[in-house]
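Written out below as structure tokens is the structure these notes cover.
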Amino acid sequence: MIGLLQRVSMARVVVGGQTMGEIGPGLVVFVAVERGDAEAQADRLLERLLGFRVFADEQGRMNRSLADLGGGLLLVPQFTLAADTRKGTRASFTPAAPPAQGERLFGYLLARARALHPWVAAGCFGAAMQVHLVNDGPVTFWLRVAAQGER
């Protein structure tokens, strides 16, 4: 499972002209489910997202996590992050989970996030979305939790 996280001062996701989710300061995380992923990968990714230190402490160092600050978390499904782009000029989406599996695991991740964190919003799986965000820093990290038996 892949999470591309960006520290933001604000963000929102819009589908069909309607805001589906919105946060103030916090993290936007674009999420891709890969073949072989299961609940264990979603749980580990969420643990990392909530605990990853990307916010400044009193000395200006990135030593504080989303859990420390209680900021917003906006989860956005984005299967294209799982693309294989090593050859040619067109991406292969073979590494991405089938849509039903991706939707199920994204839903699981979202439900777990809402159970563990006070401010969680989300995009809509399978929808054409417009994501508006102000990247703070900019700070962007690519996190991957590999499926069992994979490095």
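If you're wondering about the labels, chains in the structure tokens are A, B, ... by order shown, residues count from 1 in each chain, ligands from 1 in order shown.
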>> Can you pull out the residues contacting Arg144 of chain A? Cut-off 8 Å, using only C-alpha atoms, and skip same-chain residues under 5 positions away; I want them as a ChimeraX atom specification.
In response: /A:1-3,45
Output for the residues just chosen: N, CA and C atoms as a PDB file, in the first residue's frame:
ATOM      1  N   MET A   1       0.864  -1.168   0.000  1.00  0.00           N
ATOM      2  CA  MET A   1       0.000   0.000   0.000  1.00  0.00           C
ATOM      3  C   MET A   1       0.902   1.221   0.000  1.00  0.00           C
ATOM      4  N   ILE A   2       0.530   2.194  -0.769  1.00  0.00           N
ATOM      5  CA  ILE A   2       1.329   3.401  -0.938  1.00  0.00           C
ATOM      6  C   ILE A   2       0.563   4.599  -0.398  1.00  0.00           C
ATOM      7  N   GLY A   3       1.279   5.470   0.298  1.00  0.00           N
ATOM      8  CA  GLY A   3       0.722   6.740   0.736  1.00  0.00           C
ATOM      9  C   GLY A   3       1.678   7.854   0.357  1.00  0.00           C
ATOM     10  N   LEU A  45       0.191   1.293   7.362  1.00  0.00           N
ATOM     11  CA  LEU A  45       0.271   2.602   6.717  1.00  0.00           C
ATOM     12  C   LEU A  45      -0.360   3.662   7.614  1.00  0.00           C
TER      13      LEU A  45
END
> Near segment 27-40 of chain A, within 9 Å and counting only C-alpha atoms, which residues show up once chain neighbours fewer than 6 positions away are dropped, as a VMD selection string?
Replying inline: chain A and resid 1 to 12 49 66 71 to 82 94 to 98 101 to 103 105 to 106 108 to 109 133 135 145 to 148
>> Can you tell me which residues surround segment 52-57 of chain A at a distance of at most 10 Å, considering only C-alpha atoms, apart from same-chain residues fewer than 3 positions away, and format the answer as a list in words?
In response: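 Those residues are Leu5, Gln6, Arg7, Gly26, Leu27, Leu46, Glu47, Arg48, Leu49, Gly60, Arg61, Met62, Asn63, Arg64, Ser65, Leu66, Ala67, Asp68, Leu69, Asp136, Gly137, Val139, Thr140, Phe141 and Leu143 of chain A.
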Got time to write the residues from that selection, N, CA and C atoms, as a compact mmCIF listing (two decimals), in the first residue's frame?
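Written file, selection-v6.txt:
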# COMPACT_ATOMS: atom_id res chain seq x y z
N LEU A 5 2.21 11.48 1.09
CA LEU A 5 1.66 12.45 2.03
C LEU A 5 2.26 13.82 1.78
N GLN A 6 1.42 14.82 1.96
CA GLN A 6 1.86 16.21 1.83
C GLN A 6 1.36 16.97 3.05
N ARG A 7 2.29 17.69 3.66
CA ARG A 7 1.91 18.57 4.77
C ARG A 7 1.24 19.79 4.16
N GLY A 26 -2.71 20.09 8.31
CA GLY A 26 -2.62 18.65 8.51
C GLY A 26 -1.93 17.97 7.35
N LEU A 27 -2.44 16.78 7.01
CA LEU A 27 -1.85 15.98 5.94
C LEU A 27 -2.90 15.59 4.91
N LEU A 46 -1.51 3.38 8.19
CA LEU A 46 -2.16 4.35 9.06
C LEU A 46 -1.30 4.65 10.28
N GLU A 47 -0.71 3.63 10.86
CA GLU A 47 0.20 3.83 11.99
C GLU A 47 1.32 4.79 11.61
N ARG A 48 1.89 4.59 10.43
CA ARG A 48 2.97 5.46 9.97
C ARG A 48 2.47 6.87 9.70
N LEU A 49 1.29 7.00 9.08
CA LEU A 49 0.76 8.33 8.76
C LEU A 49 0.51 9.14 10.02
N GLY A 60 11.97 24.26 15.38
CA GLY A 60 11.80 24.28 13.93
C GLY A 60 12.16 22.97 13.24
N ARG A 61 12.40 21.93 14.00
CA ARG A 61 12.74 20.62 13.43
C ARG A 61 11.48 19.78 13.26
N MET A 62 11.48 18.95 12.24
CA MET A 62 10.33 18.08 12.00
C MET A 62 10.34 16.93 13.02
N ASN A 63 9.78 17.20 14.18
CA ASN A 63 9.77 16.23 15.28
C ASN A 63 8.37 15.94 15.80
N ARG A 64 7.34 16.52 15.19
CA ARG A 64 5.98 16.33 15.68
C ARG A 64 5.13 15.65 14.61
N SER A 65 4.25 14.79 15.06
CA SER A 65 3.41 14.01 14.16
C SER A 65 1.98 14.56 14.12
N LEU A 66 1.21 14.03 13.22
CA LEU A 66 -0.21 14.38 13.13
C LEU A 66 -0.91 14.01 14.44
N ALA A 67 -0.57 12.87 15.01
CA ALA A 67 -1.16 12.46 16.28
C ALA A 67 -0.80 13.45 17.39
N ASP A 68 0.42 13.98 17.37
CA ASP A 68 0.84 14.96 18.37
C ASP A 68 0.01 16.24 18.28
N LEU A 69 -0.26 16.67 17.05
CA LEU A 69 -0.92 17.96 16.83
C LEU A 69 -2.44 17.87 16.73
N ASP A 136 2.49 22.89 2.52
CA ASP A 136 3.21 23.70 3.50
C ASP A 136 4.66 23.24 3.56
N GLY A 137 5.55 24.02 3.00
CA GLY A 137 6.98 23.71 3.05
C GLY A 137 7.70 24.01 1.75
N VAL A 139 6.46 20.04 1.83
CA VAL A 139 6.87 18.80 2.48
C VAL A 139 6.04 17.67 1.87
N THR A 140 6.71 16.73 1.23
CA THR A 140 6.06 15.58 0.59
C THR A 140 6.91 14.34 0.84
N PHE A 141 6.26 13.26 1.27
CA PHE A 141 6.95 11.98 1.48
C PHE A 141 6.15 10.86 0.84
N LEU A 143 5.45 6.97 1.17
CA LEU A 143 5.54 5.84 2.09
C LEU A 143 4.95 4.61 1.42
> Interatomic distance between atom CA of Asp84 of chain A and atom CA of Trp142 of chain A?
Replying inline: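 Distance reported for this atom pair: 15.3 Å.
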Report as a JSON list (two decimals) with C-alpha atoms, in the first residue's frame: the residues of chain A with a DSSP assignment of strand (DSSP E), based on the backbone of this structure.
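Below you can see selection.json, which holds the result:
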[["chain", "number", "residue", "atom", "x", "y", "z"],
["A", 2, "ILE", "CA", 1.33, 3.40, -0.94],
["A", 3, "GLY", "CA", 0.72, 6.74, 0.74],
["A", 4, "LEU", "CA", 2.00, 9.96, -0.79],
["A", 5, "LEU", "CA", 1.66, 12.45, 2.03],
["A", 6, "GLN", "CA", 1.86, 16.21, 1.83],
["A", 7, "ARG", "CA", 1.91, 18.57, 4.77],
["A", 8, "VAL", "CA", -0.70, 21.24, 4.07],
["A", 9, "SER", "CA", -2.07, 24.42, 5.56],
["A", 10, "MET", "CA", -5.46, 23.58, 4.02],
["A", 11, "ALA", "CA", -6.98, 21.15, 1.53],
["A", 12, "ARG", "CA", -10.28, 20.02, 0.06],
["A", 13, "VAL", "CA", -11.48, 17.50, -2.45],
["A", 14, "VAL", "CA", -14.34, 18.26, -4.83],
["A", 15, "VAL", "CA", -16.46, 15.83, -6.86],
["A", 18, "GLN", "CA", -19.45, 19.51, -4.37],
["A", 19, "THR", "CA", -16.88, 19.47, -1.59],
["A", 20, "MET", "CA", -16.53, 15.90, -0.33],
["A", 21, "GLY", "CA", -13.93, 16.57, 2.34],
["A", 22, "GLU", "CA", -11.99, 19.50, 3.72],
["A", 23, "ILE", "CA", -9.27, 20.06, 6.32],
["A", 26, "GLY", "CA", -2.62, 18.65, 8.51],
["A", 27, "LEU", "CA", -1.85, 15.98, 5.94],
["A", 28, "VAL", "CA", -3.26, 15.11, 2.55],
["A", 29, "VAL", "CA", -2.49, 11.50, 1.72],
["A", 30, "PHE", "CA", -2.94, 10.07, -1.76],
["A", 31, "VAL", "CA", -3.48, 6.33, -1.27],
["A", 32, "ALA", "CA", -2.91, 3.45, -3.70],
["A", 53, "ARG", "CA", 7.11, 13.34, 12.15],
["A", 54, "VAL", "CA", 6.58, 16.10, 9.58],
["A", 55, "PHE", "CA", 5.54, 19.06, 11.74],
["A", 56, "ALA", "CA", 7.94, 21.51, 13.37],
["A", 62, "MET", "CA", 10.33, 18.08, 12.00],
["A", 63, "ASN", "CA", 9.77, 16.23, 15.28],
["A", 64, "ARG", "CA", 5.98, 16.33, 15.68],
["A", 65, "SER", "CA", 3.41, 14.01, 14.16],
["A", 72, "GLY", "CA", -6.63, 17.16, 9.78],
["A", 73, "LEU", "CA", -6.14, 14.05, 7.68],
["A", 74, "LEU", "CA", -7.53, 14.00, 4.13],
["A", 75, "LEU", "CA", -7.32, 10.59, 2.45],
["A", 76, "VAL", "CA", -7.61, 10.58, -1.33],
["A", 77, "PRO", "CA", -7.74, 7.31, -3.30],
["A", 120, "VAL", "CA", -10.55, 12.77, 9.02],
["A", 121, "ALA", "CA", -12.00, 13.58, 5.60],
["A", 122, "ALA", "CA", -11.82, 11.69, 2.31],
["A", 130, "GLN", "CA", -10.33, 17.92, -8.00],
["A", 131, "VAL", "CA", -7.95, 18.23, -5.08],
["A", 132, "HIS", "CA", -7.19, 21.74, -3.88],
["A", 133, "LEU", "CA", -4.32, 22.04, -1.45],
["A", 134, "VAL", "CA", -1.70, 24.41, -0.16],
["A", 135, "ASN", "CA", 1.46, 22.37, 0.42],
["A", 136, "ASP", "CA", 3.21, 23.70, 3.50],
["A", 137, "GLY", "CA", 6.98, 23.71, 3.05],
["A", 138, "PRO", "CA", 6.70, 22.06, 0.58],
["A", 139, "VAL", "CA", 6.87, 18.80, 2.48],
["A", 140, "THR", "CA", 6.06, 15.58, 0.59],
["A", 141, "PHE", "CA", 6.95, 11.98, 1.48],
["A", 142, "TRP", "CA", 6.29, 8.69, -0.32],
["A", 143, "LEU", "CA", 5.54, 5.84, 2.09],
["A", 144, "ARG", "CA", 5.09, 2.24, 1.02]]
> Which residue, A:Gly17, A:Pro25, A:Cys124, A:Gly70, has the smallest gap to Leu50 of chain A when you use only C-alpha atoms?
Replying inline: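 That would be A:Gly70, the residue with the smallest distance to Leu50 of chain A.
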> Expressed in Å to a single decimal, how great is the separation between atom CA of Asp43 of chain A and atom CA of Gly123 of chain A?
Replying inline: 18.9 Å
>> Let me make sure I understand: among A:Gly88, A:Gly51, A:Gly16, A:Gly107, which one has the smallest atom-to-atom distance to Ala128 of chain A if we use only C-alpha atoms?
In response: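 So, comparing all the options, the nearest one is A:Gly16.
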> Where does DSSP see helix (DSSP H, G or I) in segment 7-148 of chain A, if you list the residues as a PyMOL selection string?
Replying inline: chain A and resi 39-51+66-69+79-82+99-116
Expected file: the selected residues, N, CA and C atoms, as a JSON list (two decimals), in the first residue's frame:
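Result went into again-v1.json, see below:
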[["chain", "number", "residue", "atom", "x", "y", "z"],
["A", 39, "GLU", "N", -5.57, -5.96, 5.09],
["A", 39, "GLU", "CA", -5.79, -5.08, 6.23],
["A", 39, "GLU", "C", -4.49, -4.78, 6.98],
["A", 40, "ALA", "N", -3.58, -5.74, 7.03],
["A", 40, "ALA", "CA", -2.31, -5.53, 7.74],
["A", 40, "ALA", "C", -1.54, -4.36, 7.14],
["A", 41, "GLN", "N", -1.53, -4.23, 5.82],
["A", 41, "GLN", "CA", -0.82, -3.12, 5.17],
["A", 41, "GLN", "C", -1.54, -1.80, 5.46],
["A", 42, "ALA", "N", -2.86, -1.81, 5.45],
["A", 42, "ALA", "CA", -3.61, -0.59, 5.76],
["A", 42, "ALA", "C", -3.36, -0.15, 7.19],
["A", 43, "ASP", "N", -3.36, -1.11, 8.12],
["A", 43, "ASP", "CA", -3.10, -0.77, 9.52],
["A", 43, "ASP", "C", -1.71, -0.18, 9.70],
["A", 44, "ARG", "N", -0.72, -0.77, 9.05],
["A", 44, "ARG", "CA", 0.66, -0.27, 9.18],
["A", 44, "ARG", "C", 0.81, 1.10, 8.53],
["A", 45, "LEU", "N", 0.19, 1.29, 7.36],
["A", 45, "LEU", "CA", 0.27, 2.60, 6.72],
["A", 45, "LEU", "C", -0.36, 3.66, 7.61],
["A", 46, "LEU", "N", -1.51, 3.38, 8.19],
["A", 46, "LEU", "CA", -2.16, 4.35, 9.06],
["A", 46, "LEU", "C", -1.30, 4.65, 10.28],
["A", 47, "GLU", "N", -0.71, 3.63, 10.86],
["A", 47, "GLU", "CA", 0.20, 3.83, 11.99],
["A", 47, "GLU", "C", 1.32, 4.79, 11.61],
["A", 48, "ARG", "N", 1.89, 4.59, 10.43],
["A", 48, "ARG", "CA", 2.97, 5.46, 9.97],
["A", 48, "ARG", "C", 2.47, 6.87, 9.70],
["A", 49, "LEU", "N", 1.29, 7.00, 9.08],
["A", 49, "LEU", "CA", 0.76, 8.33, 8.76],
["A", 49, "LEU", "C", 0.51, 9.14, 10.02],
["A", 50, "LEU", "N", -0.08, 8.52, 11.02],
["A", 50, "LEU", "CA", -0.39, 9.24, 12.25],
["A", 50, "LEU", "C", 0.86, 9.56, 13.06],
["A", 51, "GLY", "N", 1.90, 8.74, 12.93],
["A", 51, "GLY", "CA", 3.10, 8.92, 13.73],
["A", 51, "GLY", "C", 4.28, 9.53, 13.01],
["A", 66, "LEU", "N", 1.21, 14.03, 13.22],
["A", 66, "LEU", "CA", -0.21, 14.38, 13.13],
["A", 66, "LEU", "C", -0.91, 14.01, 14.44],
["A", 67, "ALA", "N", -0.57, 12.87, 15.01],
["A", 67, "ALA", "CA", -1.16, 12.46, 16.28],
["A", 67, "ALA", "C", -0.80, 13.45, 17.39],
["A", 68, "ASP", "N", 0.42, 13.98, 17.37],
["A", 68, "ASP", "CA", 0.84, 14.96, 18.37],
["A", 68, "ASP", "C", 0.01, 16.24, 18.28],
["A", 69, "LEU", "N", -0.26, 16.67, 17.05],
["A", 69, "LEU", "CA", -0.92, 17.96, 16.83],
["A", 69, "LEU", "C", -2.44, 17.87, 16.73],
["A", 79, "PHE", "N", -5.23, 5.35, -7.51],
["A", 79, "PHE", "CA", -4.62, 4.10, -7.97],
["A", 79, "PHE", "C", -3.42, 4.33, -8.86],
["A", 80, "THR", "N", -3.29, 5.49, -9.49],
["A", 80, "THR", "CA", -2.17, 5.73, -10.41],
["A", 80, "THR", "C", -0.82, 5.71, -9.70],
["A", 81, "LEU", "N", -0.80, 5.88, -8.38],
["A", 81, "LEU", "CA", 0.47, 5.80, -7.64],
["A", 81, "LEU", "C", 1.07, 4.41, -7.71],
["A", 82, "ALA", "N", 0.25, 3.40, -7.97],
["A", 82, "ALA", "CA", 0.74, 2.03, -8.04],
["A", 82, "ALA", "C", 1.22, 1.65, -9.45],
["A", 99, "PRO", "N", -10.18, -3.03, -8.80],
["A", 99, "PRO", "CA", -11.02, -1.98, -8.20],
["A", 99, "PRO", "C", -11.79, -2.41, -6.94],
["A", 100, "ALA", "N", -12.38, -3.58, -6.95],
["A", 100, "ALA", "CA", -13.15, -4.00, -5.78],
["A", 100, "ALA", "C", -12.27, -4.14, -4.54],
["A", 101, "GLN", "N", -11.09, -4.70, -4.71],
["A", 101, "GLN", "CA", -10.15, -4.85, -3.60],
["A", 101, "GLN", "C", -9.66, -3.48, -3.15],
["A", 102, "GLY", "N", -9.34, -2.62, -4.10],
["A", 102, "GLY", "CA", -8.88, -1.28, -3.77],
["A", 102, "GLY", "C", -9.93, -0.50, -2.99],
["A", 103, "GLU", "N", -11.15, -0.56, -3.45],
["A", 103, "GLU", "CA", -12.23, 0.17, -2.77],
["A", 103, "GLU", "C", -12.45, -0.37, -1.35],
["A", 104, "ARG", "N", -12.43, -1.69, -1.22],
["A", 104, "ARG", "CA", -12.63, -2.31, 0.09],
["A", 104, "ARG", "C", -11.53, -1.89, 1.06],
["A", 105, "LEU", "N", -10.27, -1.96, 0.63],
["A", 105, "LEU", "CA", -9.17, -1.61, 1.53],
["A", 105, "LEU", "C", -9.07, -0.12, 1.79],
["A", 106, "PHE", "N", -9.41, 0.70, 0.81],
["A", 106, "PHE", "CA", -9.45, 2.14, 1.07],
["A", 106, "PHE", "C", -10.53, 2.43, 2.11],
["A", 107, "GLY", "N", -11.70, 1.80, 1.97],
["A", 107, "GLY", "CA", -12.77, 1.96, 2.95],
["A", 107, "GLY", "C", -12.36, 1.51, 4.34],
["A", 108, "TYR", "N", -11.62, 0.41, 4.41],
["A", 108, "TYR", "CA", -11.11, -0.08, 5.69],
["A", 108, "TYR", "C", -10.15, 0.94, 6.30],
["A", 109, "LEU", "N", -9.21, 1.45, 5.50],
["A", 109, "LEU", "CA", -8.25, 2.45, 5.98],
["A", 109, "LEU", "C", -8.99, 3.68, 6.50],
["A", 110, "LEU", "N", -9.98, 4.14, 5.76],
["A", 110, "LEU", "CA", -10.75, 5.32, 6.15],
["A", 110, "LEU", "C", -11.49, 5.08, 7.47],
["A", 111, "ALA", "N", -12.12, 3.93, 7.61],
["A", 111, "ALA", "CA", -12.86, 3.62, 8.84],
["A", 111, "ALA", "C", -11.92, 3.55, 10.04],
["A", 112, "ARG", "N", -10.76, 2.92, 9.86],
["A", 112, "ARG", "CA", -9.78, 2.83, 10.95],
["A", 112, "ARG", "C", -9.26, 4.23, 11.30],
["A", 113, "ALA", "N", -8.98, 5.05, 10.29],
["A", 113, "ALA", "CA", -8.50, 6.41, 10.55],
["A", 113, "ALA", "C", -9.53, 7.19, 11.35],
["A", 114, "ARG", "N", -10.80, 7.07, 10.99],
["A", 114, "ARG", "CA", -11.86, 7.80, 11.70],
["A", 114, "ARG", "C", -12.01, 7.30, 13.13],
["A", 115, "ALA", "N", -11.71, 6.04, 13.37],
["A", 115, "ALA", "CA", -11.79, 5.49, 14.72],
["A", 115, "ALA", "C", -10.62, 5.94, 15.60],
["A", 116, "LEU", "N", -9.48, 6.27, 14.97],
["A", 116, "LEU", "CA", -8.27, 6.58, 15.73],
["A", 116, "LEU", "C", -7.88, 8.06, 15.76]]
